[in-house]
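Listing of final.txt; format and content: compact mmCIF, C-alpha atoms.
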```txt
# COMPACT_ATOMS: atom_id res chain seq x y z
CA MET Z 1 0.00 0.00 0.00
CA LYS Z 2 1.30 3.45 -0.92
CA THR Z 3 2.16 5.80 1.91
CA TYR Z 4 2.72 9.45 2.67
CA THR Z 5 5.78 10.35 4.73
CA LEU Z 6 4.89 12.59 7.67
CA ASN Z 7 7.18 15.45 8.67
CA ASN Z 8 8.95 13.31 11.29
CA GLY Z 9 9.71 10.51 8.82
CA ILE Z 10 6.88 8.20 9.85
CA LYS Z 11 5.15 6.54 6.89
CA MET Z 12 1.34 6.64 6.93
CA PRO Z 13 -0.81 4.64 4.50
CA ARG Z 14 -2.50 7.22 2.31
CA PHE Z 15 -5.79 5.29 2.35
CA GLY Z 16 -7.63 3.81 5.30
CA LEU Z 17 -10.87 3.02 7.07
CA GLY Z 18 -12.83 5.58 9.04
CA THR Z 19 -14.87 4.12 11.92
CA PHE Z 20 -17.17 6.99 12.93
CA LEU Z 21 -20.68 5.53 13.44
CA VAL Z 22 -19.68 2.00 12.44
CA GLY Z 23 -21.00 0.82 15.79
CA GLN Z 24 -19.39 -0.79 18.80
CA ASN Z 25 -18.67 -4.25 20.15
CA GLU Z 26 -18.88 -7.00 17.50
CA SER Z 27 -19.94 -4.58 14.76
CA ALA Z 28 -16.74 -2.53 14.91
CA TYR Z 29 -14.67 -5.65 15.54
CA ASP Z 30 -16.04 -7.46 12.48
CA ILE Z 31 -15.73 -4.46 10.16
CA VAL Z 32 -12.11 -3.84 11.08
CA LYS Z 33 -11.18 -7.51 10.75
CA THR Z 34 -12.87 -7.61 7.34
CA ALA Z 35 -11.10 -4.45 6.22
CA LEU Z 36 -7.73 -5.82 7.31
CA LYS Z 37 -8.35 -9.03 5.34
CA ILE Z 38 -9.14 -6.94 2.25
CA GLY Z 39 -5.83 -5.16 2.63
CA TYR Z 40 -6.57 -2.00 4.62
CA ARG Z 41 -3.62 -1.01 6.78
CA HIS Z 42 -4.75 2.34 8.19
CA ILE Z 43 -7.54 2.31 10.78
CA ASP Z 44 -8.94 5.58 12.11
CA THR Z 45 -10.80 5.76 15.42
CA ALA Z 46 -11.40 8.21 18.28
CA GLN Z 47 -12.31 8.28 21.94
CA ALA Z 48 -15.64 9.81 21.00
CA TYR Z 49 -16.50 6.86 18.74
CA GLY Z 50 -16.56 4.46 21.68
CA ASN Z 51 -14.92 1.64 19.73
CA GLU Z 52 -11.22 1.77 20.61
CA LYS Z 53 -11.41 -1.49 22.61
CA ASP Z 54 -13.14 -3.32 19.77
CA ILE Z 55 -10.71 -2.01 17.17
CA GLY Z 56 -7.72 -2.90 19.28
CA ARG Z 57 -9.05 -6.43 19.73
CA ALA Z 58 -9.62 -6.79 15.98
CA ILE Z 59 -6.04 -5.71 15.30
CA ARG Z 60 -4.64 -8.10 17.89
CA ASP Z 61 -6.72 -10.97 16.50
CA SER Z 62 -5.91 -10.23 12.85
CA GLY Z 63 -2.60 -12.08 12.80
CA ILE Z 64 -1.02 -9.12 11.02
CA PRO Z 65 2.20 -7.81 12.60
CA ARG Z 66 1.54 -4.66 14.63
CA GLU Z 67 4.12 -2.65 12.71
CA GLU Z 68 2.20 -3.23 9.46
CA ILE Z 69 -0.95 -1.50 10.74
CA PHE Z 70 -1.22 2.26 11.18
CA VAL Z 71 -3.70 3.37 13.84
CA THR Z 72 -5.00 6.90 14.27
CA SER Z 73 -7.03 7.98 17.29
CA LYS Z 74 -8.22 11.29 18.70
CA LEU Z 75 -8.61 13.00 22.05
CA LYS Z 76 -12.18 14.12 22.66
CA GLY Z 77 -12.93 17.70 23.62
CA HIS Z 78 -11.90 19.00 27.05
CA LYS Z 79 -13.55 22.26 28.06
CA ASP Z 80 -11.88 23.37 31.24
CA GLY Z 81 -8.16 23.04 30.61
CA ASP Z 82 -7.55 20.37 33.26
CA MET Z 83 -4.40 18.75 31.90
CA LYS Z 84 -4.57 15.89 34.39
CA GLN Z 85 -7.83 14.87 32.72
CA VAL Z 86 -6.16 15.11 29.34
CA GLU Z 87 -3.28 12.90 30.48
CA ALA Z 88 -5.72 10.37 31.95
CA ALA Z 89 -7.74 10.32 28.72
CA LEU Z 90 -4.64 9.68 26.62
CA GLU Z 91 -3.55 6.88 28.93
CA GLN Z 92 -7.05 5.42 28.60
CA SER Z 93 -6.79 5.32 24.81
CA LEU Z 94 -3.50 3.45 25.07
CA LYS Z 95 -5.10 1.03 27.51
CA ASP Z 96 -8.30 0.53 25.51
CA LEU Z 97 -6.56 -0.05 22.19
CA ASP Z 98 -3.94 -2.25 23.89
CA ILE Z 99 -1.68 -2.39 20.84
CA GLY Z 100 1.50 -1.03 22.41
CA TYR Z 101 1.49 2.44 20.88
CA ILE Z 102 -0.65 4.71 18.73
CA ASP Z 103 0.78 5.68 15.35
CA LEU Z 104 -0.96 9.06 15.12
CA MET Z 105 -2.83 10.80 17.93
CA LEU Z 106 -4.90 13.88 17.14
CA ILE Z 107 -6.68 16.61 19.09
CA HIS Z 108 -10.19 15.92 17.81
CA TRP Z 109 -11.57 19.48 17.94
CA PRO Z 110 -9.94 22.82 18.68
CA ASN Z 111 -10.91 24.44 21.95
CA PRO Z 112 -12.30 27.99 21.54
CA ASP Z 113 -9.52 29.05 23.91
CA ASN Z 114 -6.33 28.79 21.86
CA ASP Z 115 -4.22 28.77 25.01
CA ILE Z 116 -5.92 25.54 26.10
CA ASN Z 117 -5.04 24.03 22.71
CA VAL Z 118 -1.40 24.88 23.42
CA GLN Z 119 -1.57 23.27 26.87
CA ILE Z 120 -3.11 20.11 25.40
CA TRP Z 121 -0.44 20.05 22.72
CA GLN Z 122 2.27 20.21 25.37
CA VAL Z 123 0.77 17.08 26.96
CA PHE Z 124 0.75 15.42 23.52
CA GLU Z 125 4.43 16.29 23.15
CA LYS Z 126 5.22 14.41 26.38
CA PHE Z 127 3.51 11.26 25.10
CA TYR Z 128 5.31 11.66 21.78
CA GLU Z 129 8.68 11.99 23.48
CA LYS Z 130 7.96 8.82 25.49
CA GLY Z 131 7.19 6.91 22.29
CA ASP Z 132 3.56 6.22 23.17
CA PHE Z 133 2.55 8.15 20.04
CA LYS Z 134 4.70 7.83 16.92
CA ALA Z 135 3.26 11.08 15.53
CA ILE Z 136 0.91 13.75 16.85
CA GLY Z 137 -1.44 16.05 15.03
CA LEU Z 138 -4.71 17.90 14.82
CA SER Z 139 -8.26 17.44 13.61
CA ASN Z 140 -10.74 20.10 12.52
CA PHE Z 141 -8.22 22.88 13.17
CA LEU Z 142 -8.63 26.01 11.08
CA ILE Z 143 -5.77 28.20 9.94
CA HIS Z 144 -6.07 30.63 12.85
CA HIS Z 145 -5.98 27.75 15.37
CA ILE Z 146 -2.84 26.33 13.78
CA ASP Z 147 -1.12 29.70 13.50
CA HIS Z 148 -1.45 30.18 17.26
CA LEU Z 149 -0.32 26.65 18.09
CA LEU Z 150 2.78 26.86 15.89
CA LYS Z 151 4.04 29.80 17.95
CA TYR Z 152 4.50 27.48 20.94
CA ALA Z 153 4.85 23.93 19.58
CA LYS Z 154 8.15 22.14 20.12
CA VAL Z 155 6.93 19.23 18.01
CA HIS Z 156 5.50 20.27 14.65
CA PRO Z 157 1.99 18.87 14.02
CA ALA Z 158 2.24 15.95 11.60
CA ALA Z 159 -1.31 16.03 10.25
CA ASN Z 160 -4.67 17.78 10.29
CA GLN Z 161 -7.76 15.66 9.68
CA VAL Z 162 -10.64 17.73 8.33
CA GLU Z 163 -13.96 17.54 6.54
CA CYS Z 164 -13.17 17.51 2.83
CA HIS Z 165 -15.33 16.44 -0.12
CA PRO Z 166 -16.41 17.80 -3.51
CA ILE Z 167 -18.91 20.15 -1.84
CA LEU Z 168 -16.26 21.49 0.57
CA THR Z 169 -12.95 21.19 -1.24
CA GLN Z 170 -10.80 23.04 1.32
CA ILE Z 171 -8.37 24.35 -1.31
CA ALA Z 172 -7.09 27.25 0.81
CA LEU Z 173 -6.53 25.00 3.83
CA GLU Z 174 -4.80 22.42 1.64
CA LYS Z 175 -2.33 25.04 0.39
CA TYR Z 176 -1.70 26.29 3.93
CA LEU Z 177 -1.04 22.79 5.25
CA LYS Z 178 1.35 21.98 2.41
CA THR Z 179 3.23 25.22 3.04
CA ASN Z 180 3.56 24.27 6.71
CA ASP Z 181 4.45 20.61 6.05
CA ILE Z 182 1.31 19.25 7.72
CA GLN Z 183 -0.34 16.26 6.07
CA MET Z 184 -4.02 16.74 5.25
CA ILE Z 185 -6.42 13.86 5.92
CA SER Z 186 -10.01 13.88 4.63
CA TYR Z 187 -12.95 12.53 6.60
CA GLY Z 188 -16.51 12.41 5.25
CA PRO Z 189 -15.32 12.30 1.62
CA PHE Z 190 -18.77 11.36 0.34
CA ALA Z 191 -20.39 14.39 1.97
CA ARG Z 192 -22.90 12.37 3.96
CA GLY Z 193 -24.40 11.09 0.73
CA LYS Z 194 -24.79 14.51 -0.87
CA VAL Z 195 -22.47 13.47 -3.71
CA PHE Z 196 -25.22 11.06 -4.79
CA GLU Z 197 -27.72 13.88 -5.21
CA GLU Z 198 -28.18 16.07 -8.27
CA PRO Z 199 -26.63 18.14 -9.69
CA THR Z 200 -23.41 16.88 -8.10
CA LYS Z 201 -24.15 13.24 -8.90
CA GLY Z 202 -24.50 13.75 -12.64
CA LYS Z 203 -21.31 15.78 -12.90
CA LEU Z 204 -19.33 13.19 -10.97
CA GLU Z 205 -20.78 10.31 -12.97
CA ALA Z 206 -19.77 12.00 -16.22
CA ILE Z 207 -16.15 12.08 -15.05
CA ALA Z 208 -16.21 8.64 -13.42
CA LYS Z 209 -17.34 6.85 -16.59
CA HIS Z 210 -14.08 7.79 -18.33
CA TYR Z 211 -12.24 5.72 -15.72
CA GLY Z 212 -14.77 2.89 -15.42
CA ALA Z 213 -15.13 3.97 -11.82
CA SER Z 214 -17.91 4.51 -9.31
CA ILE Z 215 -18.52 7.91 -7.74
CA THR Z 216 -16.92 6.78 -4.49
CA GLN Z 217 -13.84 5.50 -6.28
CA LEU Z 218 -13.60 8.75 -8.22
CA ILE Z 219 -13.69 10.83 -5.02
CA ILE Z 220 -11.01 8.68 -3.39
CA ALA Z 221 -8.82 9.08 -6.48
CA TRP Z 222 -9.49 12.84 -6.48
CA GLY Z 223 -8.28 13.20 -2.90
CA LEU Z 224 -5.21 11.04 -3.45
CA LYS Z 225 -4.25 12.98 -6.57
CA ARG Z 226 -4.31 16.13 -4.43
CA GLY Z 227 -1.97 14.47 -1.94
CA ILE Z 228 -4.68 14.10 0.71
CA ALA Z 229 -5.03 10.92 2.78
CA MET Z 230 -8.51 9.41 2.45
CA ILE Z 231 -10.32 7.46 5.20
CA PRO Z 232 -13.86 6.67 3.96
CA LYS Z 233 -16.22 4.72 6.19
CA SER Z 234 -18.34 1.74 5.23
CA VAL Z 235 -20.01 -1.09 7.11
CA HIS Z 236 -20.51 -3.30 4.03
CA LYS Z 237 -17.86 -5.66 2.68
CA ASP Z 238 -18.65 -4.95 -0.97
CA ARG Z 239 -18.30 -1.21 -0.38
CA LEU Z 240 -15.06 -1.73 1.52
CA ILE Z 241 -13.70 -3.54 -1.53
CA GLU Z 242 -15.07 -0.92 -3.92
CA ASN Z 243 -13.49 1.91 -1.95
CA PHE Z 244 -10.20 0.03 -1.66
CA LYS Z 245 -9.95 -0.20 -5.45
CA GLY Z 246 -10.29 3.58 -5.72
CA GLN Z 247 -6.59 3.82 -4.88
CA ASP Z 248 -5.70 2.35 -8.26
CA ILE Z 249 -7.30 5.17 -10.27
CA VAL Z 250 -5.15 8.12 -11.30
CA LEU Z 251 -7.03 11.22 -12.39
CA THR Z 252 -5.82 13.85 -14.81
CA ASP Z 253 -5.19 17.33 -13.44
CA GLU Z 254 -8.06 18.53 -15.61
CA ASP Z 255 -10.52 16.15 -13.96
CA VAL Z 256 -9.28 17.11 -10.51
CA GLU Z 257 -10.09 20.73 -11.37
CA LYS Z 258 -13.53 19.75 -12.65
CA ILE Z 259 -14.29 18.18 -9.28
CA ASN Z 260 -12.79 21.13 -7.43
CA ASP Z 261 -15.23 23.35 -9.33
CA LEU Z 262 -18.15 21.58 -7.61
CA ASN Z 263 -17.19 23.30 -4.36
CA ARG Z 264 -19.99 25.15 -2.57
CA GLY Z 265 -18.12 25.82 0.66
CA HIS Z 266 -20.83 23.88 2.46
CA ARG Z 267 -20.01 22.19 5.78
CA LEU Z 268 -22.00 19.08 6.64
CA TYR Z 269 -20.28 18.41 9.96
CA SER Z 270 -19.67 20.74 12.90
CA ASP Z 271 -18.13 24.17 12.45
CA PRO Z 272 -14.74 24.10 14.24
CA ASP Z 273 -15.36 27.64 15.49
CA ASN Z 274 -18.77 26.73 16.92
CA ASN Z 275 -18.50 23.13 18.03
CA ILE Z 276 -21.14 21.46 20.22
CA ASN Z 277 -18.40 19.88 22.39
CA TYR Z 278 -17.75 23.29 23.93
CA LYS Z 279 -21.33 24.46 24.50
```

Before we go any further, please render this structure as structure tokens.
Amino acid sequence: MKTYTLNNGIKMPRFGLGTFLVGQNESAYDIVKTALKIGYRHIDTAQAYGNEKDIGRAIRDSGIPREEIFVTSKLKGHKDGDMKQVEAALEQSLKDLDIGYIDLMLIHWPNPDNDINVQIWQVFEKFYEKGDFKAIGLSNFLIHHIDHLLKYAKVHPAANQVECHPILTQIALEKYLKTNDIQMISYGPFARGKVFEEPTKGKLEAIAKHYGASITQLIIAWGLKRGIAMIPKSVHKDRLIENFKGQDIVLTDEDVEKINDLNRGHRLYSDPDNNINYK
């Protein structure tokens, strides 16, 4: 599987499985085991998803060497700036996954107080220095959040996982992240099904037919061509296989621009500047 090299030299598979809303217990366990059998080697989870234990068990039971699987998790929102709670939460993720270390740990949502983000990052740096996390990064951070954090960070953020799909292409953020050597990761690439609604559907289908691809495969190929890591979610084996094959498609620059032109700047997930976690 092809990888992207993060700014600290760690190699991250550029394609993986998102596990938001895939369920818990046997549901999450079975989906991850199935994905690993298909060939997935990047599994994305989070404390807020409630499935770290199940995913860790699936990885341990897979028979695949630990070093061949890349695991991303995320710290859920902490309102009050209690860093002891943050440390305890990070220790809990390590315990629940029970896979020795976490390849990439992210701050799931930026706190409205940028100083708290800096304090949390300093805790992340300690876990990184201990080797508990092989890389550390961000999720849902906007440019102004990152600008503030970079003033104080000793360890440069390795990645920023954000909502990105043909309806919200995030071109400006993509350019900013590349300039600052931060890998962009896309979640929700199918825009909560909006890519299957007109007029977007018809425009995507017209491009996809030239590649003998489905819409989902086209979107995966679009993200990868832009240098963005893609982590689509599915709970169905046939869709897992379909998505996996999207890695093999290479779009022309012209077709990438055609998809970029579908942008409406429309968020379908929470606004990072007005997130429910901090209400």

Option closest in space to Lys53 of chain Z, from Z:Lys175, Z:His266, Z:Lys225, Z:Lys95 [counting all atoms listed in the file]
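Residue with the minimum atom-to-atom distance to Lys53 of chain Z: Z:Lys95.
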
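If you count all atoms listed in the file and ignore residues fewer than 4 places along the chain from Pro189 of chain Z, what sits within 8 Å of it is Glu163, Cys164, His165, Pro166, Ile219, Ile220, Met230, Ile231 and Pro232 of chain Z.
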
For Leu104 of chain Z, please output as a count of residues only all residues within 12 Å (counting only C-alpha atoms; exclusion window: fewer than 5 positions along the same chain).
39

Fewer than 4 positions away in the same chain doesn't count, so skip those; otherwise give me all residues within 12 Å of segment 254-262 of chain Z, counting all atoms listed in the file, as a ChimeraX atom specification.
/Z:164-172,194-195,198-211,215,218-227,250,266

Let me have the centre and edge lengths of the axis-aligned box enclosing all listed atoms of segment 176-179 of chain Z with 3 Å padding on every side, in Å to one decimal, as JSON.
```
{"center_x": 0.8, "center_y": 24.1, "center_z": 3.8, "size_x": 10.9, "size_y": 10.3, "size_z": 8.8}
```

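Between atom CA of Leu268 of chain Z and atom CA of Ala191 of chain Z the interatomic distance comes to 6.8 Å.
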
Between atom CA of His148 of chain Z and atom CA of Thr3 of chain Z, distance in Å (one decimal):
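Between atom CA of His148 of chain Z and atom CA of Thr3 of chain Z the gap works out to 29.0 Å.
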
Which of these residues is nearest to Ile31 of chain Z, using all atoms listed in the file: Z:Val235, Z:Ser270, Z:Ile228, Z:Leu106?
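Smallest separation from Ile31 of chain Z among the options: Z:Val235.
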
Do you have the atom CA of Ala213 of chain Z-atom CA of Phe196 of chain Z distance handy?
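These two atoms are separated by 14.2 Å.
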
Reconstructed segment 83-117 of chain Z, atom set N, CA and C atoms, as a compact mmCIF listing (two decimals), in the frame of the given file:
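For reference, rebuild_32.txt as written:
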```txt
# COMPACT_ATOMS: atom_id res chain seq x y z
N MET Z 83 -5.34 19.60 32.62
CA MET Z 83 -4.40 18.75 31.90
C MET Z 83 -4.23 17.37 32.52
N LYS Z 84 -4.59 17.23 33.78
CA LYS Z 84 -4.57 15.89 34.39
C LYS Z 84 -5.64 15.01 33.74
N GLN Z 85 -6.79 15.61 33.43
CA GLN Z 85 -7.83 14.87 32.72
C GLN Z 85 -7.38 14.49 31.32
N VAL Z 86 -6.67 15.39 30.68
CA VAL Z 86 -6.16 15.11 29.34
C VAL Z 86 -5.17 13.94 29.39
N GLU Z 87 -4.25 13.98 30.34
CA GLU Z 87 -3.28 12.90 30.48
C GLU Z 87 -3.98 11.57 30.75
N ALA Z 88 -4.98 11.59 31.62
CA ALA Z 88 -5.72 10.37 31.95
C ALA Z 88 -6.45 9.83 30.72
N ALA Z 89 -7.01 10.73 29.92
CA ALA Z 89 -7.74 10.32 28.72
C ALA Z 89 -6.79 9.68 27.70
N LEU Z 90 -5.61 10.24 27.56
CA LEU Z 90 -4.64 9.68 26.62
C LEU Z 90 -4.16 8.31 27.09
N GLU Z 91 -3.93 8.18 28.38
CA GLU Z 91 -3.55 6.88 28.93
C GLU Z 91 -4.66 5.86 28.70
N GLN Z 92 -5.92 6.32 28.79
CA GLN Z 92 -7.05 5.42 28.60
C GLN Z 92 -7.11 4.91 27.16
N SER Z 93 -6.81 5.77 26.20
CA SER Z 93 -6.79 5.32 24.81
C SER Z 93 -5.73 4.25 24.60
N LEU Z 94 -4.56 4.46 25.17
CA LEU Z 94 -3.50 3.45 25.07
C LEU Z 94 -3.94 2.14 25.69
N LYS Z 95 -4.62 2.22 26.82
CA LYS Z 95 -5.10 1.03 27.51
C LYS Z 95 -6.20 0.34 26.72
N ASP Z 96 -7.16 1.12 26.22
CA ASP Z 96 -8.30 0.53 25.51
C ASP Z 96 -7.88 -0.11 24.20
N LEU Z 97 -7.03 0.54 23.44
CA LEU Z 97 -6.56 -0.05 22.19
C LEU Z 97 -5.66 -1.25 22.45
N ASP Z 98 -4.80 -1.14 23.45
CA ASP Z 98 -3.94 -2.25 23.89
C ASP Z 98 -3.13 -2.83 22.73
N ILE Z 99 -2.49 -1.95 21.98
CA ILE Z 99 -1.68 -2.39 20.84
C ILE Z 99 -0.25 -1.85 20.95
N GLY Z 100 0.12 -1.45 22.15
CA GLY Z 100 1.50 -1.03 22.41
C GLY Z 100 1.76 0.45 22.25
N TYR Z 101 1.30 1.01 21.16
CA TYR Z 101 1.49 2.44 20.88
C TYR Z 101 0.42 2.87 19.88
N ILE Z 102 0.27 4.16 19.73
CA ILE Z 102 -0.65 4.71 18.73
C ILE Z 102 0.20 5.42 17.68
N ASP Z 103 -0.05 5.12 16.42
CA ASP Z 103 0.78 5.68 15.35
C ASP Z 103 0.58 7.18 15.20
N LEU Z 104 -0.67 7.63 15.27
CA LEU Z 104 -0.96 9.06 15.12
C LEU Z 104 -2.09 9.42 16.07
N MET Z 105 -1.82 10.33 16.99
CA MET Z 105 -2.83 10.80 17.93
C MET Z 105 -3.15 12.25 17.62
N LEU Z 106 -4.44 12.55 17.53
CA LEU Z 106 -4.90 13.88 17.14
C LEU Z 106 -5.73 14.53 18.23
N ILE Z 107 -5.70 15.85 18.30
CA ILE Z 107 -6.68 16.61 19.09
C ILE Z 107 -7.93 16.69 18.22
N HIS Z 108 -9.03 16.10 18.68
CA HIS Z 108 -10.19 15.92 17.81
C HIS Z 108 -10.83 17.23 17.35
N TRP Z 109 -10.98 18.18 18.28
CA TRP Z 109 -11.57 19.48 17.94
C TRP Z 109 -10.81 20.58 18.65
N PRO Z 110 -10.61 21.70 18.00
CA PRO Z 110 -9.94 22.82 18.68
C PRO Z 110 -10.82 23.41 19.77
N ASN Z 111 -10.21 23.73 20.89
CA ASN Z 111 -10.91 24.44 21.95
C ASN Z 111 -11.05 25.91 21.54
N PRO Z 112 -12.17 26.56 21.87
CA PRO Z 112 -12.30 27.99 21.54
C PRO Z 112 -11.20 28.85 22.15
N ASP Z 113 -10.63 28.37 23.25
CA ASP Z 113 -9.52 29.05 23.91
C ASP Z 113 -8.20 28.50 23.34
N ASN Z 114 -7.55 29.26 22.50
CA ASN Z 114 -6.33 28.79 21.86
C ASN Z 114 -5.23 28.45 22.85
N ASP Z 115 -5.23 29.08 24.01
CA ASP Z 115 -4.22 28.77 25.01
C ASP Z 115 -4.41 27.36 25.57
N ILE Z 116 -5.66 26.92 25.65
CA ILE Z 116 -5.92 25.54 26.10
C ILE Z 116 -5.42 24.56 25.04
N ASN Z 117 -5.58 24.89 23.77
CA ASN Z 117 -5.04 24.03 22.71
C ASN Z 117 -3.53 23.87 22.87
```
